[in-house]
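Have a look at the structure below before the remarks.
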Amino acid sequence: MERYAEQTRQEFEGWEEFYSKPVDIKSDFFKQNDRIFDVIYAQQFDREFLDYLCGLADKIRLMARTKMGLGKLKHLLPHKRAMLYFVQPSTRTFLSFMNACHTLGLSVSEIRGTSTSSEVKGESREDTIRTFASYVDLIISRHPEAGFAEKTAWVLNQTERPVPVLNGGSGPDQHPTQALLDIYTLEREFSNIGGLDGKKIAMVGDLRRGRTVRSLSYLMKNYKDISLYFVAPDVFRMKEDIKGFLEKHGISFHETEDFKSIMPLVDAIYMTRIQNEYTENPSSKVETFPAFHFKTQHLGIIQPHCVILHPLPRRYEIEVSVDKDPRAAYWRQERCGMWIRAALIAYIFRVDQEILDEFS
Amino acid sequence: MERYAEQTRQEFEGWEEFYSKPVDIKSDFFKQNDRIFDVIYAQQFDREFLDYLCGLADKIRLMARTKMGLGKLKHLLPHKRAMLYFVQPSTRTFLSFMNACHTLGLSVSEIRGTSTSSEVKGESREDTIRTFASYVDLIISRHPEAGFAEKTAWVLNQTERPVPVLNGGSGPDQHPTQALLDIYTLEREFSNIGGLDGKKIAMVGDLRRGRTVRSLSYLMKNYKDISLYFVAPDVFRMKEDIKGFLEKHGISFHETEDFKSIMPLVDAIYMTRIQNEYTENPSSKVETFPAFHFKTQHLGIIQPHCVILHPLPRRYEIEVSVDKDPRAAYWRQERCGMWIRAALIAYIFRVDQEILDEFS
Amino acid sequence: MERYAEQTRQEFEGWEEFYSKPVDIKSDFFKQNDRIFDVIYAQQFDREFLDYLCGLADKIRLMARTKMGLGKLKHLLPHKRAMLYFVQPSTRTFLSFMNACHTLGLSVSEIRGTSTSSEVKGESREDTIRTFASYVDLIISRHPEAGFAEKTAWVLNQTERPVPVLNGGSGPDQHPTQALLDIYTLEREFSNIGGLDGKKIAMVGDLRRGRTVRSLSYLMKNYKDISLYFVAPDVFRMKEDIKGFLEKHGISFHETEDFKSIMPLVDAIYMTRIQNEYTENPSSKVETFPAFHFKTQHLGIIQPHCVILHPLPRRYEIEVSVDKDPRAAYWRQERCGMWIRAALIAYIFRVDQEILDEFS
């Protein structure tokens, strides 16, 4: 650890320079003894890691079915203290991390919003972060500013007391544990038909700014023979950076505005929220793009095994009556988020082997 | 469970119809295997249940006197996770539920207010509730809107993952665990003189809107030879619905504005807050109705065994110097709230027998 | 306990009279069986207590290095429930108390701010406090009003259910656990050179209103041959009350505005925040008093063993690049706060001997 930090200090002049570098150059900085230590970007995950973590989450889920299993999980990390620093509204990410911690026995402190903390006394953000690290063993943060979690990890890795940092969403771009849970959900839903490799996936809605579909697209390079279908109105088309990335890695993708035409073709439909709140003309009345909604009538068109995902919260993109169909996977997806986050925390604190040993 | 839910879906067209039905018709919907599963209304409790729960609370209180007993209690439900969803100010209900959970070892997540959650992103309330259920095993809610807890339970009981819902107060009418703690307090205070049966109880203050006195009146049908004395100014008289209910069940009641005249007659005086903040003329200056306050001088008039209750918080209805009299039971009543809520949670998760076994 | 309370009720007419009395007259009121029970003022601590508590904190810190040790600590107080009542912004005090509780296994409830509690319903503060005591075994409070914690303890010690009260800061004067952590930090930093006795300590910044330097000055009477150097601009000089106290106890002190001149002389420099936000003329632009800042260049002037402390949060009083010097002790100081608070809670609940037995 110290070695990396030292090396990094030598290689990079300071935060601004570090932050500007490509992810693959600096990902070692977020490792300890060749294992991921801080989770900042989805790009940190390779196939081996993803497979391992999904397997681990499966084991945790299995153990959680019995009181004895839950008891064993709870005895894994009772000696660790976590802190949730969430200065942006969040229900799912907050509660799933909180309950992932509870499942593994960690004690949790929370600070939500900044009105109750010392930032009002003019403390620098770096000092606030070091303070958290003085009291806890793990920091999970959500912040409206891009780069927040990365800077947190960057600061701590240069102190005497680095503690791991998990990015629960920072600004418009990164939300790596959402990508983890999406992968885990897809792998689980496809577990009887060979897993995620070789599947056709539609991503629907606001692809231009949706960070979940962007992260998920990046991770597709880890899987074989994936075909992506980007279904979005022209104003919300997937950006060139992702398309360039996919072309570079030989991942097939198609763009269309005709949602219905691709429904029968795909193995999974990943819905996202869509609305014109960000569009060029803010004074226009709300446009909800109904052609990009999934409705009950569409259940008859999609394949019998096709699953429907959504990062939630939804508004009107998926009709509520769709929920009863077994192919509606978004509520299971939500719960997958808790298990994969528990797996991640177990991995970070190196109690993963203890979990696997339960099954040997 | 599923059976009830299915049956209910067939019997009722939807939420609006369900909500409009009388309680006794739909109370089965809130049971599982003939045990109460969701706690929505005070009317769900019968004498057998009340006696059983009071006995259970007594055992928990007894165990809580020693470190060993507390240790055993804490090992009952360490594998369960609860969530407190309190979007209305509350100290007592919040803290007593929180500490009831802690006593039994449950992990607790809390959301207070709605500013920190995804409701700001336009999520429907039903989706928010399902989300809670994804992460926890028990939802305890307090909400300003009538029917909130009932709808929560109604929604969840139709999903793959129903979790029990405890109503910590929803709107003006229902606060069933307050009724439970009032019953438990009365039974305890009267334990040396034959319990609640046959007692004379005065209810004083704003009886028209006070939900505690309304719920308590309903529950009186479970006890023998109760006489009620409704002591209120004319504008705050007990409503006709309750009086009709009492007549139907043959429970004796008397109405008066003369508090002093009934003081020497009764075994318990249940005080409630009273003020004209809701009265017809809001521009009038505050009227505190001093004739309906309990003062130190009244301690000489009431019977030696007469107990004074109050749901708290109080304002000026009971003089502070009354607190020192052993018949002032409201601080013990507050603590009873924690024990009876612990008993309720133990019952819901079916660890009640383990508690009773400690004493066999 | 009851005895003291009774005695006090006889000696003092009421709160106003009690509050006006000198600390040494009333400190017995905050004891139980000759041990400190409520922690309200720094003046409650004598040398024997300070030495004992520092030794205890050392043991806890040592145990916390291993999973087994942490496991033992966590089994000391799992049967106790604490509550953090923090109605004033705080990061450090809040988090360090929270995590001290977690370390010893206590369950913690928190109320931050008053908007979510029953104070909005017009409840008196005394009633709110009694309510807390109904549900928990320990109250830790922070409040903007002077005397708040003292009144809390005063109220509770006259009830059937006194629970210990720890003052986490009340108004401008008292913050006794900050004084504890400062002493503990100094003793630890000087552990190889004979401890705190005989040392020269500079206190720098706003000494007039800084409650940490005021409390620390009071505690110096417990140590031998201490020399204090008060370094402050004229408007922020140490007040006469403290100087009178030091003279009375024969503690040497010197006042100066020339920070640099005393840097080479002292064994410890205690920095505090300084700015003119409170000065007589609020319309003047911010004056940060750079002559009273510690800068990187000063590291060459101070002694090799001289340590730099700061209660944090800092603004610009200490240059960030100073942090890397091993003599910058303020981050260790922060962590000391968690250990000494854990020691205090262990002492209050009389599990201190169990900790010491681990090392015998």
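In the structure tokens, chains take letters A, B, ... by order of appearance, with residues numbered from 1 within each chain and ligands from 1 in the order shown.
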Exercise for the section: Would you list, as a PyMOL selection string, the residues of range 78-198 of chain B that end up in alpha helix (DSSP H) under DSSP run on this structure's backbone? Expected result: chain B and resi 92-104+125-135+148-156+176-189
Write a file of the just-selected residues containing C-alpha atoms, as an mmCIF file, in the first residue's frame.
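Wrote result.cif, looks like this:
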```cif
data_model
loop_
_atom_site.group_PDB
_atom_site.id
_atom_site.type_symbol
_atom_site.label_atom_id
_atom_site.label_comp_id
_atom_site.auth_asym_id
_atom_site.auth_seq_id
_atom_site.Cartn_x
_atom_site.Cartn_y
_atom_site.Cartn_z
ATOM 1 C CA ARG B 92 -41.308 8.291 22.256
ATOM 2 C CA THR B 93 -42.615 5.967 19.583
ATOM 3 C CA PHE B 94 -39.367 6.201 17.648
ATOM 4 C CA LEU B 95 -37.053 5.628 20.589
ATOM 5 C CA SER B 96 -39.140 2.914 22.196
ATOM 6 C CA PHE B 97 -39.355 0.910 18.964
ATOM 7 C CA MET B 98 -35.637 1.481 18.313
ATOM 8 C CA ASN B 99 -34.677 0.271 21.766
ATOM 9 C CA ALA B 100 -37.178 -2.585 21.691
ATOM 10 C CA CYS B 101 -35.379 -3.729 18.534
ATOM 11 C CA HIS B 102 -31.974 -3.275 20.160
ATOM 12 C CA THR B 103 -33.109 -5.292 23.177
ATOM 13 C CA LEU B 104 -33.953 -8.246 20.935
ATOM 14 C CA ARG B 125 -44.986 5.365 -2.462
ATOM 15 C CA GLU B 126 -45.728 1.730 -3.294
ATOM 16 C CA ASP B 127 -42.347 1.355 -4.957
ATOM 17 C CA THR B 128 -40.584 2.996 -2.009
ATOM 18 C CA ILE B 129 -42.224 0.531 0.346
ATOM 19 C CA ARG B 130 -41.317 -2.476 -1.789
ATOM 20 C CA THR B 131 -37.763 -1.201 -1.735
ATOM 21 C CA PHE B 132 -37.683 -1.180 2.053
ATOM 22 C CA ALA B 133 -38.960 -4.741 2.010
ATOM 23 C CA SER B 134 -36.074 -5.756 -0.241
ATOM 24 C CA TYR B 135 -33.542 -5.027 2.451
ATOM 25 C CA PHE B 148 -50.555 4.687 5.235
ATOM 26 C CA ALA B 149 -49.512 1.630 7.253
ATOM 27 C CA GLU B 150 -52.522 -0.298 6.035
ATOM 28 C CA LYS B 151 -51.658 0.412 2.431
ATOM 29 C CA THR B 152 -48.059 -0.581 3.083
ATOM 30 C CA ALA B 153 -49.180 -3.949 4.390
ATOM 31 C CA TRP B 154 -51.721 -4.296 1.588
ATOM 32 C CA VAL B 155 -49.058 -3.698 -1.049
ATOM 33 C CA LEU B 156 -46.464 -6.002 0.515
ATOM 34 C CA PRO B 176 -52.325 0.560 17.866
ATOM 35 C CA THR B 177 -49.109 0.074 19.836
ATOM 36 C CA GLN B 178 -50.045 3.066 21.985
ATOM 37 C CA ALA B 179 -53.249 1.219 22.850
ATOM 38 C CA LEU B 180 -51.179 -1.872 23.656
ATOM 39 C CA LEU B 181 -48.943 0.016 26.052
ATOM 40 C CA ASP B 182 -51.917 1.658 27.731
ATOM 41 C CA ILE B 183 -53.520 -1.728 28.341
ATOM 42 C CA TYR B 184 -50.229 -3.149 29.569
ATOM 43 C CA THR B 185 -49.740 -0.245 31.968
ATOM 44 C CA LEU B 186 -53.251 -0.564 33.387
ATOM 45 C CA GLU B 187 -52.885 -4.320 33.850
ATOM 46 C CA ARG B 188 -49.536 -3.860 35.607
ATOM 47 C CA GLU B 189 -50.692 -1.047 37.842
#
```
Please, which residues in chain C fall within 8 Å of chain A when counting only C-alpha atoms, and what is the closest atom pair and distance in Å to one decimal for each, ordered by chain then residue number, as a tab-separated table?
```
residue	atom	partner	partner_atom	distance
C:Lys67	CA	A:His79	CA	6.0
C:Leu70	CA	A:His79	CA	5.6
C:Gly71	CA	A:His79	CA	6.2
C:Lys74	CA	A:His79	CA	7.8
C:Gln88	CA	A:Thr116	CA	7.1
C:Pro89	CA	A:Thr116	CA	4.3
C:Ser90	CA	A:Ser117	CA	4.9
C:Thr91	CA	A:Ser117	CA	4.7
C:Arg92	CA	A:Thr131	CA	7.0
C:Leu95	CA	A:Tyr135	CA	6.9
C:Ser96	CA	A:Tyr135	CA	6.2
C:Met98	CA	A:Ser109	CA	7.1
C:Asn99	CA	A:Tyr135	CA	6.4
C:His102	CA	A:Ser107	CA	6.3
C:Thr103	CA	A:His79	CA	7.7
C:Arg112	CA	A:Thr116	CA	7.5
C:Gly113	CA	A:Thr116	CA	8.0
C:Pro313	CA	A:Glu123	CA	5.7
C:Arg314	CA	A:Glu123	CA	6.1
C:Arg315	CA	A:Glu123	CA	5.8
C:Trp331	CA	A:Ser134	CA	7.5
C:Glu334	CA	A:Ser134	CA	6.8
C:Arg335	CA	A:Ser134	CA	5.4
C:Met338	CA	A:Tyr135	CA	7.0
```
Problem - Residues near range 41-55 of chain A, cut-off 8 Å, only C-alpha atoms, skip fewer than 3 positions along chain, as JSON, numbers by chain - result: {"A": [23, 24, 27, 36, 58, 59, 167, 174, 175, 176, 177, 179, 180, 183, 184, 187, 215, 218, 219, 222, 223, 340, 343, 344, 347]}
How about saving the chosen residues, C-alpha atoms kept, as a PDB file, in the first residue's frame?
```
ATOM      1  CA  VAL A  23      -8.159   4.798 -15.149  1.00  0.00           C
ATOM      2  CA  ASP A  24      -5.940   1.903 -16.189  1.00  0.00           C
ATOM      3  CA  SER A  27      -5.926   1.569 -10.836  1.00  0.00           C
ATOM      4  CA  ILE A  36      -8.892  -4.224  -4.920  1.00  0.00           C
ATOM      5  CA  ASP A  58     -24.462 -16.488  -4.165  1.00  0.00           C
ATOM      6  CA  LYS A  59     -22.923 -18.137  -1.119  1.00  0.00           C
ATOM      7  CA  ASN A 167     -17.915   4.801  -4.099  1.00  0.00           C
ATOM      8  CA  GLN A 174     -19.431   6.714 -11.596  1.00  0.00           C
ATOM      9  CA  HIS A 175     -21.527   4.327  -9.510  1.00  0.00           C
ATOM     10  CA  PRO A 176     -19.495   1.115  -9.632  1.00  0.00           C
ATOM     11  CA  THR A 177     -21.516  -0.981  -7.190  1.00  0.00           C
ATOM     12  CA  ALA A 179     -22.669  -1.919 -12.216  1.00  0.00           C
ATOM     13  CA  LEU A 180     -21.741  -4.840  -9.961  1.00  0.00           C
ATOM     14  CA  ILE A 183     -23.868  -7.874 -13.669  1.00  0.00           C
ATOM     15  CA  TYR A 184     -24.800 -10.072 -10.733  1.00  0.00           C
ATOM     16  CA  GLU A 187     -25.637 -13.680 -14.336  1.00  0.00           C
ATOM     17  CA  SER A 215     -20.963   1.593 -16.681  1.00  0.00           C
ATOM     18  CA  TYR A 218     -17.929  -0.683 -20.201  1.00  0.00           C
ATOM     19  CA  LEU A 219     -18.135  -3.972 -18.324  1.00  0.00           C
ATOM     20  CA  ASN A 222     -15.408  -8.845 -19.955  1.00  0.00           C
ATOM     21  CA  TYR A 223     -18.026 -11.079 -21.596  1.00  0.00           C
ATOM     22  CA  ILE A 340     -23.239  -8.175  -4.014  1.00  0.00           C
ATOM     23  CA  ALA A 343     -19.774  -9.801  -1.001  1.00  0.00           C
ATOM     24  CA  LEU A 344     -17.681  -6.759  -1.856  1.00  0.00           C
ATOM     25  CA  TYR A 347     -13.789  -9.350  -0.056  1.00  0.00           C
TER      26      TYR A 347
END
```
Practice task
Please identify which residues in range 256-336 of chain B DSSP calls strand (DSSP E) from the backbone, and express them as number ranges by chain.
Solution key: B: 256, 268-271, 307-309
Handout entry: Spatial neighbours of Arg273 in chain A, 10 Å, only C-alpha atoms, chain gap at least 5 places, as an MDAnalysis selection string
Key = chainID A and resid 204:207 210 288 292:293 310:318
Can you spit out the residues from that selection as a PDB file, in the first residue's frame, using N, CA and C atoms?
```pdb
ATOM      1  N   VAL A 204     -32.452   0.890 -22.750  1.00  0.00           N
ATOM      2  CA  VAL A 204     -33.534   1.743 -23.216  1.00  0.00           C
ATOM      3  C   VAL A 204     -33.663   3.000 -22.356  1.00  0.00           C
ATOM      4  N   GLY A 205     -33.835   4.115 -23.029  1.00  0.00           N
ATOM      5  CA  GLY A 205     -34.131   5.336 -22.279  1.00  0.00           C
ATOM      6  C   GLY A 205     -33.111   6.425 -22.527  1.00  0.00           C
ATOM      7  N   ASP A 206     -32.736   7.103 -21.482  1.00  0.00           N
ATOM      8  CA  ASP A 206     -31.776   8.191 -21.587  1.00  0.00           C
ATOM      9  C   ASP A 206     -30.368   7.601 -21.494  1.00  0.00           C
ATOM     10  N   LEU A 207     -29.825   7.217 -22.624  1.00  0.00           N
ATOM     11  CA  LEU A 207     -28.511   6.564 -22.639  1.00  0.00           C
ATOM     12  C   LEU A 207     -27.391   7.602 -22.600  1.00  0.00           C
ATOM     13  N   GLY A 210     -27.389   8.452 -18.616  1.00  0.00           N
ATOM     14  CA  GLY A 210     -27.604   7.393 -17.625  1.00  0.00           C
ATOM     15  C   GLY A 210     -26.293   6.711 -17.250  1.00  0.00           C
ATOM     16  N   THR A 288     -42.413  12.688 -21.763  1.00  0.00           N
ATOM     17  CA  THR A 288     -42.063  11.432 -21.090  1.00  0.00           C
ATOM     18  C   THR A 288     -41.678  10.327 -22.076  1.00  0.00           C
ATOM     19  N   PHE A 292     -40.770   4.785 -25.454  1.00  0.00           N
ATOM     20  CA  PHE A 292     -39.649   4.097 -24.813  1.00  0.00           C
ATOM     21  C   PHE A 292     -40.036   3.535 -23.447  1.00  0.00           C
ATOM     22  N   HIS A 293     -41.340   3.319 -23.271  1.00  0.00           N
ATOM     23  CA  HIS A 293     -41.834   2.688 -22.043  1.00  0.00           C
ATOM     24  C   HIS A 293     -42.105   1.215 -22.310  1.00  0.00           C
ATOM     25  N   HIS A 310     -34.286  -2.758 -14.295  1.00  0.00           N
ATOM     26  CA  HIS A 310     -34.399  -1.295 -14.117  1.00  0.00           C
ATOM     27  C   HIS A 310     -33.626  -0.959 -12.838  1.00  0.00           C
ATOM     28  N   PRO A 311     -32.789   0.049 -12.867  1.00  0.00           N
ATOM     29  CA  PRO A 311     -32.015   0.364 -11.644  1.00  0.00           C
ATOM     30  C   PRO A 311     -32.910   0.930 -10.531  1.00  0.00           C
ATOM     31  N   LEU A 312     -34.106   1.378 -10.894  1.00  0.00           N
ATOM     32  CA  LEU A 312     -35.028   1.997  -9.938  1.00  0.00           C
ATOM     33  C   LEU A 312     -34.373   3.239  -9.292  1.00  0.00           C
ATOM     34  N   PRO A 313     -35.096   4.232  -8.829  1.00  0.00           N
ATOM     35  CA  PRO A 313     -36.561   4.308  -8.895  1.00  0.00           C
ATOM     36  C   PRO A 313     -37.084   4.511 -10.317  1.00  0.00           C
ATOM     37  N   ARG A 314     -38.268   3.978 -10.554  1.00  0.00           N
ATOM     38  CA  ARG A 314     -38.906   4.180 -11.857  1.00  0.00           C
ATOM     39  C   ARG A 314     -39.945   5.281 -11.728  1.00  0.00           C
ATOM     40  N   ARG A 315     -40.313   5.806 -12.843  1.00  0.00           N
ATOM     41  CA  ARG A 315     -41.487   6.677 -12.831  1.00  0.00           C
ATOM     42  C   ARG A 315     -42.576   6.003 -13.642  1.00  0.00           C
ATOM     43  N   TYR A 316     -42.553   6.167 -14.950  1.00  0.00           N
ATOM     44  CA  TYR A 316     -43.655   5.610 -15.748  1.00  0.00           C
ATOM     45  C   TYR A 316     -43.088   4.746 -16.856  1.00  0.00           C
ATOM     46  N   GLU A 317     -41.770   4.486 -16.781  1.00  0.00           N
ATOM     47  CA  GLU A 317     -41.134   3.745 -17.885  1.00  0.00           C
ATOM     48  C   GLU A 317     -41.586   2.291 -17.933  1.00  0.00           C
ATOM     49  N   ILE A 318     -41.982   1.754 -16.787  1.00  0.00           N
ATOM     50  CA  ILE A 318     -42.500   0.383 -16.761  1.00  0.00           C
ATOM     51  C   ILE A 318     -43.855   0.431 -16.061  1.00  0.00           C
TER      52      ILE A 318
END
```
Practice task
Write out as a ChimeraX atom specification each polymer residue whose atoms come within 6 Å of range 257-263 of chain A, counting only C-alpha atoms; drop sequence neighbours fewer than 4 positions from it.
Solution key: /A:231-233,302
Mind writing the picked residues with C-alpha atoms as a PDB file, in the first residue's frame?
```
ATOM      1  CA  VAL A 231     -32.823   2.200 -27.814  1.00  0.00           C
ATOM      2  CA  ALA A 232     -33.186   5.933 -27.271  1.00  0.00           C
ATOM      3  CA  PRO A 233     -34.702   9.039 -28.777  1.00  0.00           C
ATOM      4  CA  ILE A 302     -40.684 -10.629 -25.654  1.00  0.00           C
TER       5      ILE A 302
END
```
Practice task
Write out as a PyMOL selection string which residues come within 8 Å of Gly171 in chain B when counting only C-alpha atoms, dropping same-chain ones fewer than 3 positions away.
Solution key: chain B and resi 143-148+174
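Interatomic distance, CA of Ile140 in chain C to CA of Leu196 in chain C: 28.5 Å.
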